[in-house]
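Undergrad: my_file_21.cif is the file, holding mmCIF, C-alpha atoms:
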```cif
data_start
#
loop_
_atom_site.group_PDB
_atom_site.id
_atom_site.type_symbol
_atom_site.label_atom_id
_atom_site.label_comp_id
_atom_site.auth_asym_id
_atom_site.auth_seq_id
_atom_site.Cartn_x
_atom_site.Cartn_y
_atom_site.Cartn_z
ATOM 1 C CA MET A 1 25.046 -27.666 -13.173
ATOM 2 C CA GLU A 2 23.091 -26.623 -10.088
ATOM 3 C CA PRO A 3 23.551 -22.925 -9.297
ATOM 4 C CA SER A 4 25.853 -22.285 -6.330
ATOM 5 C CA LEU A 5 24.606 -20.461 -3.236
ATOM 6 C CA VAL A 6 28.147 -19.923 -1.945
ATOM 7 C CA THR A 7 28.668 -16.273 -1.117
ATOM 8 C CA SER A 8 31.561 -14.124 0.038
ATOM 9 C CA ILE A 9 31.155 -11.207 2.424
ATOM 10 C CA GLY A 10 34.644 -9.821 2.224
ATOM 11 C CA LYS A 11 36.845 -12.445 3.898
ATOM 12 C CA ILE A 12 33.809 -14.408 5.094
ATOM 13 C CA GLN A 13 32.672 -17.274 2.862
ATOM 14 C CA LEU A 14 29.368 -19.036 3.510
ATOM 15 C CA GLU A 15 27.794 -22.039 1.823
ATOM 16 C CA ARG A 16 24.403 -20.310 1.877
ATOM 17 C CA PRO A 17 23.430 -16.603 1.977
ATOM 18 C CA VAL A 18 20.538 -16.795 4.472
ATOM 19 C CA MET A 19 21.588 -16.144 8.058
ATOM 20 C CA LEU A 20 19.916 -15.935 11.446
ATOM 21 C CA ALA A 21 19.755 -12.327 12.651
ATOM 22 C CA SER A 22 20.860 -11.360 16.140
ATOM 23 C CA GLY A 23 18.236 -11.455 18.875
ATOM 24 C CA ILE A 24 16.314 -14.527 17.677
ATOM 25 C CA LEU A 25 17.150 -18.007 19.028
ATOM 26 C CA GLY A 26 20.757 -16.894 19.363
ATOM 27 C CA ILE A 27 21.763 -18.261 22.751
ATOM 28 C CA SER A 28 22.243 -22.051 22.522
ATOM 29 C CA LEU A 29 24.739 -24.200 20.613
ATOM 30 C CA ASP A 30 22.126 -26.952 20.266
ATOM 31 C CA VAL A 31 19.804 -24.480 18.573
ATOM 32 C CA PHE A 32 22.646 -23.218 16.377
ATOM 33 C CA ASN A 33 23.262 -26.737 15.103
ATOM 34 C CA ARG A 34 19.577 -27.199 14.376
ATOM 35 C CA LEU A 35 19.440 -23.881 12.494
ATOM 36 C CA TYR A 36 22.481 -24.851 10.435
ATOM 37 C CA ARG A 37 20.913 -28.205 9.526
ATOM 38 C CA SER A 38 17.733 -26.315 8.576
ATOM 39 C CA GLY A 39 19.548 -24.267 5.950
ATOM 40 C CA ALA A 40 21.034 -21.250 7.737
ATOM 41 C CA GLY A 41 24.357 -20.245 6.226
ATOM 42 C CA ALA A 42 25.443 -18.754 9.560
ATOM 43 C CA VAL A 43 23.916 -17.797 12.874
ATOM 44 C CA VAL A 44 24.352 -14.486 14.650
ATOM 45 C CA THR A 45 24.209 -14.701 18.425
ATOM 46 C CA LYS A 46 22.157 -12.484 20.674
ATOM 47 C CA SER A 47 24.114 -9.348 21.480
ATOM 48 C CA LEU A 48 26.501 -10.114 24.316
ATOM 49 C CA SER A 49 27.730 -7.739 27.001
ATOM 50 C CA THR A 50 30.733 -7.867 29.330
ATOM 51 C CA GLU A 51 28.586 -9.400 32.082
ATOM 52 C CA PRO A 52 25.088 -10.946 32.267
ATOM 53 C CA TRP A 53 22.131 -8.624 31.660
ATOM 54 C CA ASP A 54 18.607 -9.445 32.829
ATOM 55 C CA GLY A 55 16.868 -7.179 30.338
ATOM 56 C CA TYR A 56 13.502 -5.527 30.859
ATOM 57 C CA PRO A 57 10.480 -6.959 32.708
ATOM 58 C CA ASN A 58 7.458 -8.145 30.758
ATOM 59 C CA PRO A 59 5.753 -7.206 28.540
ATOM 60 C CA THR A 60 8.718 -7.078 26.177
ATOM 61 C CA ILE A 61 7.194 -7.922 22.795
ATOM 62 C CA PHE A 62 4.057 -6.895 20.926
ATOM 63 C CA SER A 63 2.582 -8.178 17.658
ATOM 64 C CA VAL A 64 1.721 -5.320 15.303
ATOM 65 C CA ASN A 65 -1.618 -5.433 13.531
ATOM 66 C CA GLY A 66 -0.888 -6.067 9.854
ATOM 67 C CA GLY A 67 2.499 -7.677 10.466
ATOM 68 C CA GLY A 68 5.698 -7.159 12.368
ATOM 69 C CA TRP A 69 6.744 -6.978 15.993
ATOM 70 C CA ILE A 70 7.800 -4.335 18.470
ATOM 71 C CA ASN A 71 10.217 -5.640 21.074
ATOM 72 C CA ALA A 72 12.100 -4.212 24.029
ATOM 73 C CA VAL A 73 13.710 -7.275 25.560
ATOM 74 C CA GLY A 74 16.575 -5.154 26.835
ATOM 75 C CA LEU A 75 19.458 -7.153 25.358
ATOM 76 C CA SER A 76 19.151 -9.878 28.003
ATOM 77 C CA ASN A 77 22.114 -12.250 27.681
ATOM 78 C CA PRO A 78 24.414 -14.467 29.805
ATOM 79 C CA GLY A 79 27.485 -12.282 29.240
ATOM 80 C CA ALA A 80 30.385 -12.877 26.863
ATOM 81 C CA PRO A 81 32.561 -14.945 29.255
ATOM 82 C CA ASN A 82 29.742 -17.388 30.012
ATOM 83 C CA PHE A 83 28.653 -17.584 26.389
ATOM 84 C CA ALA A 84 32.189 -18.316 25.178
ATOM 85 C CA LYS A 85 32.226 -21.407 27.390
ATOM 86 C CA MET A 86 28.888 -22.477 25.885
ATOM 87 C CA ILE A 87 30.192 -22.499 22.300
ATOM 88 C CA GLU A 88 33.813 -23.592 22.771
ATOM 89 C CA SER A 89 32.938 -27.112 21.578
ATOM 90 C CA ASN A 90 31.568 -25.836 18.252
ATOM 91 C CA THR A 91 33.385 -27.222 15.222
ATOM 92 C CA THR A 92 30.752 -26.991 12.488
ATOM 93 C CA VAL A 93 28.430 -23.994 12.654
ATOM 94 C CA PRO A 94 29.560 -20.623 11.279
ATOM 95 C CA ILE A 95 28.875 -18.434 14.322
ATOM 96 C CA ILE A 96 28.925 -14.645 14.153
ATOM 97 C CA VAL A 97 29.208 -13.232 17.659
ATOM 98 C CA SER A 98 27.218 -10.037 18.251
ATOM 99 C CA LEU A 99 28.736 -7.662 20.801
ATOM 100 C CA VAL A 100 27.285 -4.607 22.536
ATOM 101 C CA GLY A 101 28.947 -2.131 24.860
ATOM 102 C CA SER A 102 29.422 1.542 25.652
ATOM 103 C CA ILE A 103 33.224 1.931 25.481
ATOM 104 C CA ALA A 104 35.971 0.419 23.350
ATOM 105 C CA GLU A 105 37.422 -1.465 26.302
ATOM 106 C CA ASP A 106 34.142 -3.405 26.653
ATOM 107 C CA PHE A 107 34.563 -4.819 23.169
ATOM 108 C CA GLU A 108 38.262 -5.562 23.629
ATOM 109 C CA MET A 109 37.505 -7.555 26.776
ATOM 110 C CA MET A 110 34.707 -9.523 25.097
ATOM 111 C CA VAL A 111 36.716 -10.414 21.999
ATOM 112 C CA SER A 112 39.444 -11.829 24.244
ATOM 113 C CA GLN A 113 36.933 -14.338 25.653
ATOM 114 C CA PHE A 114 36.495 -16.062 22.274
ATOM 115 C CA LYS A 115 40.129 -16.725 21.365
ATOM 116 C CA ASN A 116 39.640 -20.479 21.843
ATOM 117 C CA CYS A 117 36.280 -20.598 20.017
ATOM 118 C CA LYS A 118 35.437 -21.194 16.365
ATOM 119 C CA VAL A 119 34.087 -17.751 15.453
ATOM 120 C CA THR A 120 33.381 -16.746 11.844
ATOM 121 C CA ALA A 121 33.062 -13.005 12.552
ATOM 122 C CA TYR A 122 32.134 -10.410 15.147
ATOM 123 C CA GLU A 123 29.130 -8.161 14.573
ATOM 124 C CA LEU A 124 29.277 -4.885 16.513
ATOM 125 C CA ASN A 125 25.802 -3.791 17.593
ATOM 126 C CA LEU A 126 25.929 -0.031 16.965
ATOM 127 C CA SER A 127 22.195 0.304 16.518
ATOM 128 C CA CYS A 128 19.954 -1.177 19.259
ATOM 129 C CA PRO A 129 17.100 1.383 19.496
ATOM 130 C CA HIS A 130 15.842 0.759 23.035
ATOM 131 C CA VAL A 131 18.741 0.407 25.495
ATOM 132 C CA ALA A 132 20.389 3.558 26.854
ATOM 133 C CA LYS A 133 24.136 4.189 26.484
ATOM 134 C CA VAL A 134 24.650 1.355 23.991
ATOM 135 C CA GLY A 135 23.458 0.642 20.454
ATOM 136 C CA LEU A 136 22.212 3.764 18.676
ATOM 137 C CA GLU A 137 23.775 6.099 21.203
ATOM 138 C CA VAL A 138 27.122 4.541 20.324
ATOM 139 C CA GLY A 139 26.411 4.525 16.582
ATOM 140 C CA ASP A 140 25.502 8.223 16.692
ATOM 141 C CA ASP A 141 28.945 9.114 18.105
ATOM 142 C CA PRO A 142 31.511 9.002 15.254
ATOM 143 C CA GLU A 143 34.538 9.236 17.550
ATOM 144 C CA LEU A 144 33.292 6.332 19.645
ATOM 145 C CA VAL A 145 32.513 4.261 16.544
ATOM 146 C CA LYS A 146 36.033 4.918 15.278
ATOM 147 C CA LYS A 147 37.596 3.915 18.576
ATOM 148 C CA ILE A 148 35.491 0.746 18.953
ATOM 149 C CA VAL A 149 36.074 -0.491 15.404
ATOM 150 C CA SER A 150 39.809 0.260 15.569
ATOM 151 C CA THR A 151 40.132 -1.448 18.956
ATOM 152 C CA VAL A 152 38.338 -4.614 17.845
ATOM 153 C CA LYS A 153 40.269 -4.774 14.567
ATOM 154 C CA ASN A 154 43.523 -4.536 16.525
ATOM 155 C CA SER A 155 42.343 -7.270 18.909
ATOM 156 C CA THR A 156 41.524 -10.023 16.425
ATOM 157 C CA THR A 157 42.235 -11.406 12.956
ATOM 158 C CA VAL A 158 38.592 -12.498 12.675
ATOM 159 C CA PRO A 159 36.475 -10.336 10.304
ATOM 160 C CA VAL A 160 34.481 -7.552 11.971
ATOM 161 C CA ILE A 161 31.028 -6.356 10.884
ATOM 162 C CA ALA A 162 29.261 -3.161 11.945
ATOM 163 C CA LYS A 163 25.474 -3.343 12.319
ATOM 164 C CA VAL A 164 23.990 0.090 11.669
ATOM 165 C CA GLY A 165 20.510 1.511 12.171
ATOM 166 C CA LEU A 166 18.490 4.680 11.962
ATOM 167 C CA GLY A 167 19.456 6.963 14.852
ATOM 168 C CA THR A 168 19.522 10.701 15.374
ATOM 169 C CA THR A 169 22.395 11.204 12.919
ATOM 170 C CA HIS A 170 22.436 10.035 9.315
ATOM 171 C CA TYR A 171 23.286 6.342 9.254
ATOM 172 C CA LEU A 172 25.570 6.837 6.243
ATOM 173 C CA ASN A 173 27.877 8.877 8.475
ATOM 174 C CA THR A 174 28.160 5.859 10.793
ATOM 175 C CA VAL A 175 28.852 3.637 7.780
ATOM 176 C CA LYS A 176 31.605 5.956 6.526
ATOM 177 C CA THR A 177 33.224 6.177 9.965
ATOM 178 C CA ALA A 178 33.186 2.381 10.316
ATOM 179 C CA ILE A 179 34.685 1.924 6.839
ATOM 180 C CA ASP A 180 37.392 4.521 7.476
ATOM 181 C CA SER A 181 38.211 2.676 10.706
ATOM 182 C CA GLY A 182 38.776 -0.635 8.909
ATOM 183 C CA ILE A 183 35.460 -2.480 9.191
ATOM 184 C CA ASP A 184 35.164 -5.582 6.967
ATOM 185 C CA ALA A 185 31.418 -5.471 6.263
ATOM 186 C CA ILE A 186 28.171 -3.699 7.136
ATOM 187 C CA THR A 187 24.863 -5.183 8.319
ATOM 188 C CA ALA A 188 21.914 -2.918 7.513
ATOM 189 C CA ILE A 189 19.632 -2.371 9.313
ATOM 190 C CA ASN A 190 18.575 -2.962 12.928
ATOM 191 C CA THR A 191 15.025 -2.586 14.205
ATOM 192 C CA VAL A 192 13.411 0.863 14.019
ATOM 193 C CA ARG A 193 12.454 2.766 17.180
ATOM 194 C CA ALA A 194 8.701 2.436 17.744
ATOM 195 C CA MET A 195 5.961 2.031 20.352
ATOM 196 C CA ALA A 196 2.368 0.874 20.929
ATOM 197 C CA ILE A 197 -0.326 2.153 23.328
ATOM 198 C CA ASP A 198 -3.211 0.156 24.820
ATOM 199 C CA VAL A 199 -6.373 2.197 24.240
ATOM 200 C CA GLU A 200 -8.179 0.551 27.184
ATOM 201 C CA THR A 201 -5.507 1.074 29.837
ATOM 202 C CA GLN A 202 -4.338 4.234 28.049
ATOM 203 C CA ARG A 203 -0.734 3.305 28.743
ATOM 204 C CA PRO A 204 2.253 2.162 26.642
ATOM 205 C CA ILE A 205 2.132 -1.608 26.116
ATOM 206 C CA LEU A 206 5.849 -2.362 26.525
ATOM 207 C CA SER A 207 7.353 -2.003 29.983
ATOM 208 C CA ASN A 208 10.133 0.106 28.448
ATOM 209 C CA LYS A 209 7.542 2.193 26.546
ATOM 210 C CA PHE A 210 9.718 2.247 23.408
ATOM 211 C CA GLY A 211 10.997 -0.721 21.456
ATOM 212 C CA GLY A 212 12.302 -1.787 18.067
ATOM 213 C CA LEU A 213 9.979 -2.482 15.132
ATOM 214 C CA SER A 214 10.941 -5.525 13.055
ATOM 215 C CA GLY A 215 9.346 -7.647 10.350
ATOM 216 C CA THR A 216 7.628 -6.813 7.082
ATOM 217 C CA PRO A 217 6.836 -3.139 7.887
ATOM 218 C CA ILE A 218 10.519 -2.171 7.799
ATOM 219 C CA LYS A 219 11.540 -4.119 4.680
ATOM 220 C CA PRO A 220 11.262 -1.177 2.224
ATOM 221 C CA ILE A 221 13.305 0.989 4.603
ATOM 222 C CA ALA A 222 16.014 -1.641 5.015
ATOM 223 C CA LEU A 223 16.150 -2.272 1.269
ATOM 224 C CA ARG A 224 16.566 1.450 0.602
ATOM 225 C CA CYS A 225 19.454 1.598 3.079
ATOM 226 C CA VAL A 226 21.233 -1.373 1.494
ATOM 227 C CA TYR A 227 20.858 0.207 -1.943
ATOM 228 C CA GLU A 228 22.172 3.564 -0.681
ATOM 229 C CA ILE A 229 25.183 2.039 1.067
ATOM 230 C CA SER A 230 25.997 -0.115 -1.951
ATOM 231 C CA SER A 231 25.706 2.869 -4.291
ATOM 232 C CA LYS A 232 27.965 5.076 -2.169
ATOM 233 C CA TYR A 233 30.586 2.720 -0.727
ATOM 234 C CA ASP A 234 32.569 -0.299 -1.863
ATOM 235 C CA ILE A 235 31.939 -2.480 1.188
ATOM 236 C CA PRO A 236 30.361 -5.940 1.555
ATOM 237 C CA ILE A 237 26.799 -5.647 2.865
ATOM 238 C CA ILE A 238 24.480 -8.004 4.747
ATOM 239 C CA GLY A 239 20.832 -7.027 4.305
ATOM 240 C CA CYS A 240 18.536 -7.279 7.320
ATOM 241 C CA GLY A 241 15.011 -6.092 7.970
ATOM 242 C CA GLY A 242 11.643 -7.604 7.079
ATOM 243 C CA ILE A 243 12.934 -10.445 4.894
ATOM 244 C CA SER A 244 10.575 -13.421 4.875
ATOM 245 C CA THR A 245 10.470 -14.790 1.291
ATOM 246 C CA TRP A 246 12.909 -15.683 -1.452
ATOM 247 C CA GLU A 247 11.646 -12.682 -3.418
ATOM 248 C CA ASP A 248 12.610 -10.434 -0.496
ATOM 249 C CA ALA A 249 16.073 -12.000 -0.411
ATOM 250 C CA ILE A 250 16.553 -11.502 -4.154
ATOM 251 C CA GLU A 251 15.559 -7.834 -3.836
ATOM 252 C CA PHE A 252 18.260 -7.268 -1.225
ATOM 253 C CA ILE A 253 20.846 -9.120 -3.317
ATOM 254 C CA LEU A 254 19.964 -7.096 -6.411
ATOM 255 C CA GLY A 255 20.181 -3.989 -4.231
ATOM 256 C CA GLY A 256 23.754 -4.772 -3.232
ATOM 257 C CA ALA A 257 23.703 -7.316 -0.393
ATOM 258 C CA SER A 258 25.946 -10.382 -0.577
ATOM 259 C CA ALA A 259 23.919 -12.144 2.150
ATOM 260 C CA ILE A 260 20.810 -11.549 4.205
ATOM 261 C CA GLN A 261 19.653 -12.040 7.785
ATOM 262 C CA LEU A 262 16.181 -12.819 9.047
ATOM 263 C CA GLY A 263 14.543 -13.125 12.424
ATOM 264 C CA SER A 264 10.869 -12.157 12.648
ATOM 265 C CA ALA A 265 9.989 -14.542 9.804
ATOM 266 C CA ILE A 266 10.805 -17.465 12.096
ATOM 267 C CA GLY A 267 7.810 -16.510 14.228
ATOM 268 C CA ASP A 268 5.521 -17.141 11.253
ATOM 269 C CA ARG A 269 7.254 -19.970 9.395
ATOM 270 C CA TRP A 270 9.619 -21.489 11.957
ATOM 271 C CA LEU A 271 12.852 -23.067 10.696
ATOM 272 C CA ASN A 272 11.407 -24.007 7.298
ATOM 273 C CA VAL A 273 11.995 -20.411 6.221
ATOM 274 C CA PHE A 274 15.724 -20.971 5.637
ATOM 275 C CA ASN A 275 15.469 -23.773 3.096
ATOM 276 C CA ASP A 276 12.341 -22.236 1.550
ATOM 277 C CA ILE A 277 14.341 -19.107 0.756
ATOM 278 C CA ASN A 278 17.419 -21.068 -0.366
ATOM 279 C CA ASP A 279 15.298 -23.173 -2.729
ATOM 280 C CA GLY A 280 13.544 -20.088 -4.085
ATOM 281 C CA ILE A 281 16.860 -18.378 -4.820
ATOM 282 C CA ILE A 282 18.099 -21.460 -6.695
ATOM 283 C CA ARG A 283 14.913 -21.619 -8.797
ATOM 284 C CA TYR A 284 15.286 -17.937 -9.626
ATOM 285 C CA MET A 285 18.940 -18.398 -10.604
ATOM 286 C CA LYS A 286 18.037 -21.304 -12.892
ATOM 287 C CA ARG A 287 15.279 -19.273 -14.535
ATOM 288 C CA LYS A 288 17.532 -16.257 -15.065
ATOM 289 C CA GLY A 289 20.603 -18.251 -16.073
ATOM 290 C CA TYR A 290 22.904 -17.424 -13.149
ATOM 291 C CA SER A 291 25.409 -19.980 -11.904
ATOM 292 C CA LYS A 292 26.861 -17.970 -8.985
ATOM 293 C CA LEU A 293 25.181 -15.747 -6.432
ATOM 294 C CA ASP A 294 27.677 -12.923 -6.823
ATOM 295 C CA GLU A 295 26.576 -12.505 -10.438
ATOM 296 C CA MET A 296 23.381 -10.917 -9.098
ATOM 297 C CA VAL A 297 24.785 -8.700 -6.347
ATOM 298 C CA GLY A 298 23.952 -5.049 -7.022
ATOM 299 C CA LEU A 299 22.404 -5.565 -10.454
ATOM 300 C CA ALA A 300 19.546 -3.174 -9.641
ATOM 301 C CA LYS A 301 22.050 -0.311 -9.603
ATOM 302 C CA LYS A 302 22.698 -0.838 -13.315
ATOM 303 C CA SER A 303 19.102 -0.249 -14.372
#
```
Show me this structure written as structure tokens.
TA:
Amino acid sequence: MEPSLVTSIGKIQLERPVMLASGILGISLDVFNRLYRSGAGAVVTKSLSTEPWDGYPNPTIFSVNGGGWINAVGLSNPGAPNFAKMIESNTTVPIIVSLVGSIAEDFEMMVSQFKNCKVTAYELNLSCPHVAKVGLEVGDDPELVKKIVSTVKNSTTVPVIAKVGLGTTHYLNTVKTAIDSGIDAITAINTVRAMAIDVETQRPILSNKFGGLSGTPIKPIALRCVYEISSKYDIPIIGCGGISTWEDAIEFILGGASAIQLGSAIGDRWLNVFNDINDGIIRYMKRKGYSKLDEMVGLAKKS
């Protein structure tokens, strides 16, 4: 029999483990359908706020020599109410709605907008590294994390995921607080705070000066975080950060992730990357004699 790519992330079950990460192509239902047909097991939307955000002026993205990107788009989005109307006709695609805010009431209001939409899960952005008063600043505040997670969990029966990153406090503290507050799964990690300077103009390249580093440079960091979380806590994990090949995906699965997200790899390989990784995982499972994906989750911890 052909190995099965079906995976469970707590209460969430997906036909395939490779997902679109938040921030990449995550704003159109037409695009979501195309991504799903191209092999994505689920799509995560761009992070949505209570009202439309314009984001930062250009330049907002910079290609790093040797691989990777630094971006400071500024979480531009149409706002949760407008976006809910855009996806209310969805019946097929597993959509994970990413939410960002600064107080618990922001998240409660946004969740209420999607009650008539087919939503697979909510992903709470507790880790954006380049927008003040949201993201990492929220994730670094354990009391606020507790209040946000508890509020969202009390507002919906849909599974809730916390996306964590590397802030000023140890990210494992954020993970523990989210778990203690009832979170269903963890996504690790977000982009890493970074910058670039133009040697000719002698000025920062991004308009915001600082941005988030994504792509291959952060893969070893993200993999380490997934392994640490998996070793310390019994919580479903979605690995994210620098994944571009099936080998990368297998590493994260062996390290404890039940699914993975990718974004920067689309810039290099476009939508082919989803089925390329799915096919590579299946070949690996055949070679190693696995019939189910969950047979491989966390195996590296046993060595």
Undergrad: Apply the PyMOL selection byres ((chain A and resi 61) around 10) to the structure shown and report the selected residues as a PyMOL selection string.
TA: chain A and resi 58-60+62-64+69-73+205-207+211-213
Undergrad: Please report the interatomic distance between CA of Lys219 (chain A) and CA of Met296 (chain A) in Å with one decimal.
TA: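 Atom-to-atom, CA of Lys219 (chain A) and CA of Met296 (chain A) are spaced 19.4 Å apart.
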Undergrad: Excluding same-chain residues fewer than 3 positions from region 259-264 of chain A, what lies within 8 Å of it counting only C-alpha atoms, as a count of residues only?
TA: 27
Undergrad: In terms of the shortest atom-to-atom distance over only C-alpha atoms, which of A:Leu48, A:Ile266, A:Ala188, A:Ala104 is closest to Asn154 (chain A)?
TA: A:Ala104
Undergrad: Around all the atoms of region 146-152 of chain A listed in the file, draw an axis-aligned box and extend it by 6 Å on each of the six sides; I want its centre and edge lengths in Å to one decimal, as lines of an AutoDock Vina configuration file.
TA:
```
center_x = 37.8
center_y = 0.2
center_z = 17.1
size_x = 16.6
size_y = 21.5
size_z = 15.7
```
Undergrad: Between CA of Met285 (chain A) and CA of Asp248 (chain A), measure the distance and give it in Å to one decimal.
TA: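 Computed distance, CA of Met285 (chain A) to CA of Asp248 (chain A), equals 14.3 Å.
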Undergrad: Could you tell me how far CA of Glu143 (chain A) sits from CA of Val44 (chain A), in Å to one decimal place?
TA: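 Between these atoms lies a distance of 26.0 Å.
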Undergrad: In terms of the shortest atom-to-atom distance over all atoms listed in the file, which of A:Glu88, A:Glu51, A:Asp184, A:Asp234 is closest to Gly101 (chain A)?
TA: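 Ranked by minimum distance to Gly101 (chain A), first place goes to A:Glu51.
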Undergrad: Could you list, as an MDAnalysis selection string, every residue matched by the PyMOL selection byres ((chain A and resi 271) around 10) in this structure?
TA: chainID A and resid 34:40 265:270 272:276
Undergrad: Near Leu126 (chain A), within 10 Å and counting only C-alpha atoms, which residues show up once chain neighbours fewer than 3 positions away are dropped, as a PyMOL selection string?
TA: chain A and resi 99-102+123+129+134-141+145+148+162-165+167+174+190
